[in-house]
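Structure data follow from start.json (JSON, C-alpha atoms):
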```json
[["chain", "number", "residue", "atom", "x", "y", "z"],
["E", 6, "MET", "CA", 137.73, 20.48, -25.00],
["E", 7, "LEU", "CA", 135.58, 17.84, -23.36],
["E", 8, "LYS", "CA", 135.97, 16.95, -19.70],
["E", 9, "LEU", "CA", 137.74, 13.66, -19.05],
["E", 10, "SER", "CA", 134.98, 12.22, -16.89],
["E", 11, "PHE", "CA", 132.02, 13.03, -14.66],
["E", 12, "GLN", "CA", 134.14, 12.66, -11.51],
["E", 13, "ASN", "CA", 137.70, 11.61, -10.66],
["E", 14, "LYS", "CA", 137.45, 9.76, -7.34],
["E", 15, "ARG", "CA", 136.15, 6.43, -8.61],
["E", 16, "ILE", "CA", 137.03, 4.22, -11.57],
["E", 17, "GLU", "CA", 134.64, 5.43, -14.24],
["E", 18, "ALA", "CA", 133.63, 3.85, -17.55],
["E", 19, "GLY", "CA", 131.94, 5.71, -20.36],
["E", 20, "THR", "CA", 129.60, 3.80, -22.65],
["E", 21, "ASP", "CA", 127.76, 4.53, -25.89],
["E", 22, "GLU", "CA", 126.13, 2.73, -28.81],
["E", 23, "ALA", "CA", 126.14, 3.09, -32.59],
["E", 24, "GLY", "CA", 123.56, 2.07, -35.15],
["E", 25, "ARG", "CA", 120.42, 2.55, -33.11],
["E", 26, "GLY", "CA", 118.59, 4.26, -35.96],
["E", 27, "CYS", "CA", 119.69, 1.89, -38.73],
["E", 28, "LEU", "CA", 117.48, -0.38, -40.82],
["E", 29, "ALA", "CA", 120.09, -3.13, -41.09],
["E", 30, "GLY", "CA", 122.90, -4.72, -39.13],
["E", 31, "PRO", "CA", 123.59, -5.14, -35.43],
["E", 32, "VAL", "CA", 123.69, -2.37, -32.86],
["E", 33, "PHE", "CA", 127.21, -1.96, -31.46],
["E", 34, "ALA", "CA", 128.27, -0.56, -28.11],
["E", 35, "ALA", "CA", 131.57, 0.17, -26.43],
["E", 36, "ALA", "CA", 132.74, 0.84, -22.90],
["E", 37, "VAL", "CA", 135.98, 2.69, -22.14],
["E", 38, "ILE", "CA", 138.00, 3.50, -19.04],
["E", 39, "LEU", "CA", 140.55, 6.22, -19.75],
["E", 40, "PRO", "CA", 143.64, 7.05, -17.68],
["E", 41, "ARG", "CA", 143.33, 9.98, -15.29],
["E", 42, "ARG", "CA", 145.63, 12.25, -17.30],
["E", 43, "PHE", "CA", 144.29, 11.42, -20.77],
["E", 44, "LYS", "CA", 143.85, 14.42, -23.07],
["E", 45, "ASN", "CA", 142.89, 14.76, -26.71],
["E", 46, "LYS", "CA", 141.60, 17.93, -28.37],
["E", 47, "LEU", "CA", 140.21, 16.05, -31.37],
["E", 48, "LEU", "CA", 138.16, 13.49, -29.47],
["E", 49, "ASN", "CA", 134.44, 14.23, -29.61],
["E", 50, "ASP", "CA", 131.07, 12.69, -30.39],
["E", 51, "SER", "CA", 131.72, 10.38, -33.36],
["E", 52, "LYS", "CA", 129.11, 12.27, -35.41],
["E", 53, "GLN", "CA", 131.22, 15.41, -35.09],
["E", 54, "VAL", "CA", 134.46, 13.74, -36.27],
["E", 55, "ASN", "CA", 135.22, 12.83, -39.88],
["E", 56, "GLU", "CA", 135.97, 9.25, -40.88],
["E", 57, "VAL", "CA", 139.75, 9.63, -41.17],
["E", 58, "ASN", "CA", 139.98, 11.17, -37.72],
["E", 59, "ARG", "CA", 137.62, 8.59, -36.22],
["E", 60, "TYR", "CA", 139.96, 5.78, -37.20],
["E", 61, "ALA", "CA", 143.01, 7.72, -36.02],
["E", 62, "LEU", "CA", 141.27, 8.28, -32.68],
["E", 63, "ARG", "CA", 140.33, 4.61, -32.45],
["E", 64, "GLU", "CA", 144.01, 3.68, -32.59],
["E", 65, "ILE", "CA", 144.85, 6.24, -29.89],
["E", 66, "ILE", "CA", 142.00, 5.05, -27.65],
["E", 67, "GLU", "CA", 142.93, 1.39, -28.02],
["E", 68, "ASN", "CA", 146.58, 2.14, -27.28],
["E", 69, "GLU", "CA", 146.06, 4.52, -24.35],
["E", 70, "ALA", "CA", 142.86, 3.40, -22.59],
["E", 71, "VAL", "CA", 143.17, 1.60, -19.28],
["E", 72, "CYS", "CA", 140.77, -0.87, -20.89],
["E", 73, "PHE", "CA", 138.03, -0.95, -23.49],
["E", 74, "ALA", "CA", 135.53, -3.41, -24.92],
["E", 75, "VAL", "CA", 133.11, -3.58, -27.82],
["E", 76, "ALA", "CA", 129.96, -5.70, -28.10],
["E", 77, "GLN", "CA", 127.08, -6.14, -30.52],
["E", 78, "VAL", "CA", 123.48, -7.34, -30.51],
["E", 79, "SER", "CA", 122.20, -8.87, -33.73],
["E", 80, "GLU", "CA", 119.46, -7.59, -35.98],
["E", 81, "SER", "CA", 117.36, -10.68, -35.22],
["E", 82, "GLU", "CA", 117.51, -9.97, -31.50],
["E", 83, "ILE", "CA", 116.66, -6.31, -32.14],
["E", 84, "ASP", "CA", 113.47, -7.56, -33.81],
["E", 85, "LYS", "CA", 112.70, -9.72, -30.78],
["E", 86, "ILE", "CA", 113.39, -7.30, -27.92],
["E", 87, "ASN", "CA", 113.28, -3.83, -29.60],
["E", 88, "ILE", "CA", 116.11, -1.43, -30.33],
["E", 89, "LEU", "CA", 116.19, 0.33, -26.95],
["E", 90, "ARG", "CA", 116.61, -2.93, -25.05],
["E", 91, "ALA", "CA", 119.11, -4.19, -27.61],
["E", 92, "SER", "CA", 121.19, -1.00, -27.34],
["E", 93, "ILE", "CA", 121.30, -1.21, -23.56],
["E", 94, "LYS", "CA", 122.05, -4.94, -23.72],
["E", 95, "ALA", "CA", 125.01, -4.22, -26.00],
["E", 96, "MET", "CA", 126.29, -1.61, -23.54],
["E", 97, "HIS", "CA", 125.95, -4.08, -20.66],
["E", 98, "GLN", "CA", 127.83, -6.69, -22.66],
["E", 99, "ALA", "CA", 130.65, -4.25, -23.40],
["E", 100, "ILE", "CA", 130.90, -3.42, -19.68],
["E", 101, "ASP", "CA", 130.92, -7.17, -18.91],
["E", 102, "LYS", "CA", 134.00, -7.54, -21.13],
["E", 103, "LEU", "CA", 136.09, -4.81, -19.45],
["E", 104, "THR", "CA", 139.18, -6.23, -17.79],
["E", 105, "LEU", "CA", 138.87, -3.71, -14.95],
["E", 106, "ARG", "CA", 135.54, -3.42, -13.12],
["E", 107, "PRO", "CA", 134.34, 0.18, -13.03],
["E", 108, "GLU", "CA", 132.92, 1.75, -9.90],
["E", 109, "LEU", "CA", 130.73, 4.15, -11.86],
["E", 110, "ILE", "CA", 129.21, 4.05, -15.36],
["E", 111, "ILE", "CA", 128.30, 7.13, -17.36],
["E", 112, "VAL", "CA", 125.99, 6.65, -20.33],
["E", 113, "ASP", "CA", 125.22, 8.64, -23.45],
["E", 114, "GLY", "CA", 121.48, 9.26, -23.63],
["E", 115, "ASN", "CA", 118.62, 9.29, -21.15],
["E", 116, "ARG", "CA", 117.79, 5.60, -20.80],
["E", 117, "PHE", "CA", 119.74, 2.76, -19.21],
["E", 118, "TYR", "CA", 118.91, -0.33, -17.20],
["E", 119, "PRO", "CA", 120.84, -0.58, -13.94],
["E", 120, "TYR", "CA", 124.02, -2.60, -14.23],
["E", 121, "PRO", "CA", 124.42, -5.02, -11.28],
["E", 122, "LYS", "CA", 126.01, -3.37, -8.24],
["E", 123, "ILE", "CA", 127.43, -0.39, -10.17],
["E", 124, "GLN", "CA", 125.90, 3.10, -10.03],
["E", 125, "HIS", "CA", 125.26, 4.87, -13.32],
["E", 126, "HIS", "CA", 124.41, 8.35, -14.59],
["E", 127, "CYS", "CA", 122.84, 9.19, -17.95],
["E", 128, "PHE", "CA", 123.73, 12.31, -19.91],
["E", 129, "ILE", "CA", 121.87, 13.54, -22.96],
["E", 130, "LYS", "CA", 124.54, 14.24, -25.60],
["E", 131, "GLY", "CA", 127.09, 12.88, -23.15],
["E", 132, "ASP", "CA", 129.42, 12.03, -26.03],
["E", 133, "GLY", "CA", 129.87, 15.77, -26.46],
["E", 134, "LEU", "CA", 130.54, 16.32, -22.76],
["E", 135, "TYR", "CA", 132.93, 13.62, -21.54],
["E", 136, "LEU", "CA", 135.97, 12.08, -23.19],
["E", 137, "ASN", "CA", 135.27, 8.57, -21.91],
["E", 138, "ILE", "CA", 131.79, 8.55, -23.49],
["E", 139, "ALA", "CA", 133.18, 10.12, -26.67],
["E", 140, "ALA", "CA", 135.84, 7.38, -26.81],
["E", 141, "ALA", "CA", 133.11, 4.74, -26.52],
["E", 142, "SER", "CA", 131.21, 6.54, -29.29],
["E", 143, "ILE", "CA", 134.25, 6.40, -31.58],
["E", 144, "LEU", "CA", 134.86, 2.70, -30.96],
["E", 145, "ALA", "CA", 131.21, 1.70, -31.37],
["E", 146, "LYS", "CA", 130.90, 3.70, -34.59],
["E", 147, "THR", "CA", 134.10, 2.46, -36.24],
["E", 148, "TYR", "CA", 133.56, -1.17, -35.31],
["E", 149, "ARG", "CA", 130.02, -1.02, -36.66],
["E", 150, "ASP", "CA", 131.17, 0.71, -39.85],
["E", 151, "ASP", "CA", 133.74, -2.05, -40.34],
["E", 152, "PHE", "CA", 130.97, -4.65, -39.98],
["E", 153, "MET", "CA", 128.74, -2.89, -42.51],
["E", 154, "MET", "CA", 131.57, -2.49, -45.01],
["E", 155, "GLN", "CA", 132.18, -6.24, -44.82],
["E", 156, "ALA", "CA", 128.43, -6.87, -45.19],
["E", 157, "TYR", "CA", 128.40, -4.62, -48.26],
["E", 158, "GLN", "CA", 130.69, -7.10, -50.02],
["E", 159, "GLN", "CA", 127.95, -9.73, -49.69],
["E", 160, "TYR", "CA", 124.98, -7.42, -50.31],
["E", 161, "PRO", "CA", 126.21, -4.58, -52.55],
["E", 162, "GLN", "CA", 122.73, -3.75, -53.81],
["E", 163, "TYR", "CA", 121.87, -1.97, -50.54],
["E", 164, "HIS", "CA", 124.75, 0.55, -50.79],
["E", 165, "TRP", "CA", 125.91, -0.07, -47.22],
["E", 166, "ASN", "CA", 129.34, 1.25, -48.17],
["E", 167, "LYS", "CA", 127.70, 4.68, -48.30],
["E", 168, "ASN", "CA", 124.76, 4.52, -45.89],
["E", 169, "LYS", "CA", 126.08, 2.01, -43.30],
["E", 170, "GLY", "CA", 122.55, 0.66, -42.93],
["E", 171, "TYR", "CA", 120.75, 3.95, -42.34],
["E", 172, "GLY", "CA", 117.50, 4.61, -44.17],
["E", 173, "THR", "CA", 118.70, 6.73, -47.07],
["E", 174, "ALA", "CA", 116.57, 7.07, -50.20],
["E", 175, "ALA", "CA", 118.86, 4.66, -52.09],
["E", 176, "HIS", "CA", 118.66, 2.10, -49.28],
["E", 177, "VAL", "CA", 114.88, 2.31, -49.09],
["E", 178, "GLU", "CA", 114.58, 1.96, -52.86],
["E", 179, "ALA", "CA", 116.85, -1.10, -52.76],
["E", 180, "ILE", "CA", 114.61, -2.72, -50.13],
["E", 181, "ARG", "CA", 111.62, -2.07, -52.38],
["E", 182, "GLU", "CA", 113.42, -3.62, -55.35],
["E", 183, "PHE", "CA", 115.25, -6.55, -53.74],
["E", 184, "GLY", "CA", 113.35, -7.14, -50.51],
["E", 185, "TYR", "CA", 115.03, -7.79, -47.18],
["E", 186, "SER", "CA", 118.50, -9.22, -46.68],
["E", 187, "PRO", "CA", 119.21, -11.50, -43.71],
["E", 188, "LEU", "CA", 120.78, -8.47, -42.00],
["E", 189, "HIS", "CA", 117.71, -6.25, -42.15],
["E", 190, "ARG", "CA", 115.80, -5.51, -38.97],
["E", 191, "LYS", "CA", 112.47, -6.75, -40.33],
["E", 192, "THR", "CA", 109.91, -5.34, -37.87],
["E", 193, "PHE", "CA", 112.06, -2.25, -37.34],
["E", 194, "VAL", "CA", 112.22, -1.51, -41.08],
["E", 195, "VAL", "CA", 108.48, -1.84, -41.58],
["E", 196, "LYS", "CA", 107.64, 0.28, -38.54],
["E", 197, "SER", "CA", 110.21, 2.96, -39.35],
["E", 198, "LEU", "CA", 109.24, 3.27, -43.00],
["E", 199, "GLN", "CA", 105.52, 3.30, -42.22],
["E", 200, "GLN", "CA", 106.10, 6.18, -39.81],
["E", 201, "LEU", "CA", 107.89, 8.04, -42.61],
["E", 202, "ASN", "CA", 105.14, 7.12, -45.12],
["E", 203, "LEU", "CA", 107.84, 5.53, -47.28],
["E", 204, "PHE", "CA", 106.60, 1.95, -47.30]]
```
The structure given in the file should be rewritten as structure tokens.
Amino acid sequence: MLKLSFQNKRIEAGTDEAGRGCLAGPVFAAAVILPRRFKNKLLNDSKQVNEVNRYALREIIENEAVCFAVAQVSESEIDKINILRASIKAMHQAIDKLTLRPELIIVDGNRFYPYPKIQHHCFIKGDGLYLNIAAASILAKTYRDDFMMQAYQQYPQYHWNKNKGYGTAAHVEAIREFGYSPLHRKTFVVKSLQQLNLF
């Protein structure tokens, strides 16, 4: 089972993003502060949890967390500032929205811009190490999936109900056939597909 947190002396928030590698849609991020005695054997990195369990865990997290928040940065802003900055901006915005100010932030990954007056630590694959980061991973992933499922209703030709905006073969072929939707990350799509020799 994952550890609850990096330390237990200060109020600690875990944060993570979802959708960083997608060709369409916003990047989402969440921040979560869990109670000191929180336990859950199923909670893990959202990529290691099936869809049914992710949504079950989301309900548990939202009911039991001391506080949580979810934020997003749009595809148009991703094009303007790049995906790394957009991901970190979304995490900052989620932290901004917490009703309790953390005294320490732990982040999934190896890059983060300092949050004003709060120390942070980065952990590669942190969502597989600490429950508070894993909880943020679950929330970011499920909220983003909900967004993409709603977007699929408007743009069914891109198969977002199956790929959630990631660059699957069917998604790439749909871009070739129909062009971009308003939700595509224009510069990101071109750059990503050129690197893969797909476009």
Produce a table with one row for each residue of stretch 16-115 of chain E that has an atom at most 10 Å from any atom of stretch 147-157 of chain E, each row naming the nearest atom pair and its distance in Å at one decimal; use all atoms listed in the file; arrange rows by chain and rising residue number; format as a Markdown table.
```
| residue | atom | partner | partner_atom | distance |
| --- | --- | --- | --- | --- |
| E:Glu22 | CA | E:Arg149 | CA | 9.5 |
| E:Ala23 | CA | E:Arg149 | CA | 7.0 |
| E:Gly24 | CA | E:Arg149 | CA | 7.3 |
| E:Ala29 | CA | E:Met153 | CA | 8.8 |
| E:Gly30 | CA | E:Met153 | CA | 7.0 |
| E:Pro31 | CA | E:Arg149 | CA | 7.7 |
| E:Val32 | CA | E:Arg149 | CA | 7.5 |
| E:Phe33 | CA | E:Arg149 | CA | 6.0 |
| E:Ala34 | CA | E:Arg149 | CA | 8.7 |
| E:Ala35 | CA | E:Tyr148 | CA | 9.2 |
| E:Ser51 | CA | E:Thr147 | CA | 8.8 |
| E:Glu56 | CA | E:Thr147 | CA | 8.4 |
| E:Arg59 | CA | E:Thr147 | CA | 7.1 |
| E:Tyr60 | CA | E:Thr147 | CA | 6.8 |
| E:Leu62 | CA | E:Thr147 | CA | 9.9 |
| E:Arg63 | CA | E:Thr147 | CA | 7.6 |
| E:Val75 | CA | E:Tyr148 | CA | 7.9 |
| E:Ala76 | CA | E:Tyr148 | CA | 9.2 |
| E:Gln77 | CA | E:Arg149 | CA | 8.5 |
```
message: Applying 6 Å and all atoms listed in the file, which residues near E:Ala36 remain after dropping the ones on its own chain fewer than 5 positions away? List them as number ranges by chain.
response: E: 19-20, 73-74, 99-100, 141
Preceding selection exported with C-alpha atoms as a PDB file, keeping the file's coordinate frame:
```
ATOM      1  CA  GLY E  19     131.940   5.710 -20.360  1.00  0.00           C
ATOM      2  CA  THR E  20     129.600   3.800 -22.650  1.00  0.00           C
ATOM      3  CA  PHE E  73     138.030  -0.950 -23.490  1.00  0.00           C
ATOM      4  CA  ALA E  74     135.530  -3.410 -24.920  1.00  0.00           C
ATOM      5  CA  ALA E  99     130.650  -4.250 -23.400  1.00  0.00           C
ATOM      6  CA  ILE E 100     130.900  -3.420 -19.680  1.00  0.00           C
ATOM      7  CA  ALA E 141     133.110   4.740 -26.520  1.00  0.00           C
TER       8      ALA E 141
END
```
message: Can you measure atom CA of E:Leu105 to atom CA of E:Cys72 for me? One decimal in Å is fine.
response: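 Distance between the two atoms: 6.9 Å.
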- line: In terms of all atoms listed in the file, the residue from E:Thr192, E:Leu136, E:Asp21, E:Gln159 at minimal distance from E:Gln98 is E:Asp21
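What separates atom CA of E:Asn49 from atom CA of E:His176 is a distance of 28.0 Å.
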- request: Using atom CA of E:Asn45 and atom CA of E:Phe117 as the two end points, give the distance in Å to one decimal.
  value: 27.1 Å
- prompt: Out of E:Ile110, E:Leu144, E:Val177, E:Ile86, which residue has the shortest atom-to-atom distance to E:Ile66 when counting only C-alpha atoms?
  reply: E:Leu144
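Nearest-residue note for E:Ile16: choosing from E:Asn168, E:Asn55, E:Asn137, E:Thr173, the minimum distance belongs to E:Asn137, counting only C-alpha atoms.
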Surrounding residues of stretch 120-134 of chain E excluding itself and chain neighbours under 5 positions, 10 Å, all atoms listed in the file, as a PyMOL selection string: chain E and resi 6-11+17-21+48-53+93-94+96-97+100-101+106-115+139-143
task: For E:His189, please output as a list in words all residues within 12 Å (counting all atoms listed in the file; exclusion window: fewer than 5 positions along the same chain).
output: Cys27, Leu28, Ala29, Gly30, Pro31, Val32, Ser79, Glu80, Ser81, Glu82, Ile83, Asp84, Met153, Ala156, Tyr160, Tyr163, Trp165, Lys169, Gly170, Tyr171, Gly172, His176, Val177, Ala179, Ile180, Phe183, Gly184, Val194 and Val195 of chain E
Selected residue, from E:Arg25, E:Ala70, E:Ile38, E:Ala61, that lies nearest to E:Ala95 when counting all atoms listed in the file: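 Of the candidates, the smallest distance to E:Ala95 is held by E:Arg25.
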task: Could you tell me which of E:Asn68, E:Leu188, E:Gly26, E:His164 comes closest to E:Leu89 if we count only C-alpha atoms?
output: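 Under the stated criterion, the closest residue is E:Gly26.
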Can I get a file of stretch 142-154 of chain E from the given structure, N, CA and C atoms kept, as a tab-separated table (two decimals), in the first residue's frame?
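Once written, selection06.tsv looks like this:
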```tsv
chain	number	residue	atom	x	y	z
E	142	SER	N	-4.22	12.45	-8.63
E	142	SER	CA	-4.19	11.79	-9.94
E	142	SER	C	-5.56	11.28	-10.34
E	143	ILE	N	-6.25	10.66	-9.40
E	143	ILE	CA	-7.60	10.13	-9.66
E	143	ILE	C	-8.57	11.25	-10.00
E	144	LEU	N	-8.55	12.32	-9.23
E	144	LEU	CA	-9.47	13.43	-9.48
E	144	LEU	C	-9.17	14.10	-10.82
E	145	ALA	N	-7.90	14.38	-11.09
E	145	ALA	CA	-7.56	15.04	-12.35
E	145	ALA	C	-7.98	14.19	-13.54
E	146	LYS	N	-7.72	12.89	-13.46
E	146	LYS	CA	-8.05	11.99	-14.55
E	146	LYS	C	-9.56	11.89	-14.77
E	147	THR	N	-10.33	11.70	-13.72
E	147	THR	CA	-11.77	11.51	-13.90
E	147	THR	C	-12.47	12.80	-14.33
E	148	TYR	N	-12.03	13.93	-13.80
E	148	TYR	CA	-12.63	15.19	-14.23
E	148	TYR	C	-12.29	15.47	-15.69
E	149	ARG	N	-11.09	15.15	-16.10
E	149	ARG	CA	-10.73	15.37	-17.51
E	149	ARG	C	-11.49	14.39	-18.41
E	150	ASP	N	-11.62	13.15	-17.99
E	150	ASP	CA	-12.39	12.19	-18.78
E	150	ASP	C	-13.83	12.64	-18.94
E	151	ASP	N	-14.41	13.17	-17.88
E	151	ASP	CA	-15.78	13.69	-17.96
E	151	ASP	C	-15.87	14.80	-19.01
E	152	PHE	N	-14.88	15.70	-19.00
E	152	PHE	CA	-14.85	16.79	-19.98
E	152	PHE	C	-14.79	16.24	-21.40
E	153	MET	N	-13.91	15.26	-21.62
E	153	MET	CA	-13.73	14.74	-22.98
E	153	MET	C	-14.95	13.93	-23.43
E	154	MET	N	-15.63	13.29	-22.52
E	154	MET	CA	-16.85	12.57	-22.89
E	154	MET	C	-17.95	13.56	-23.31
```
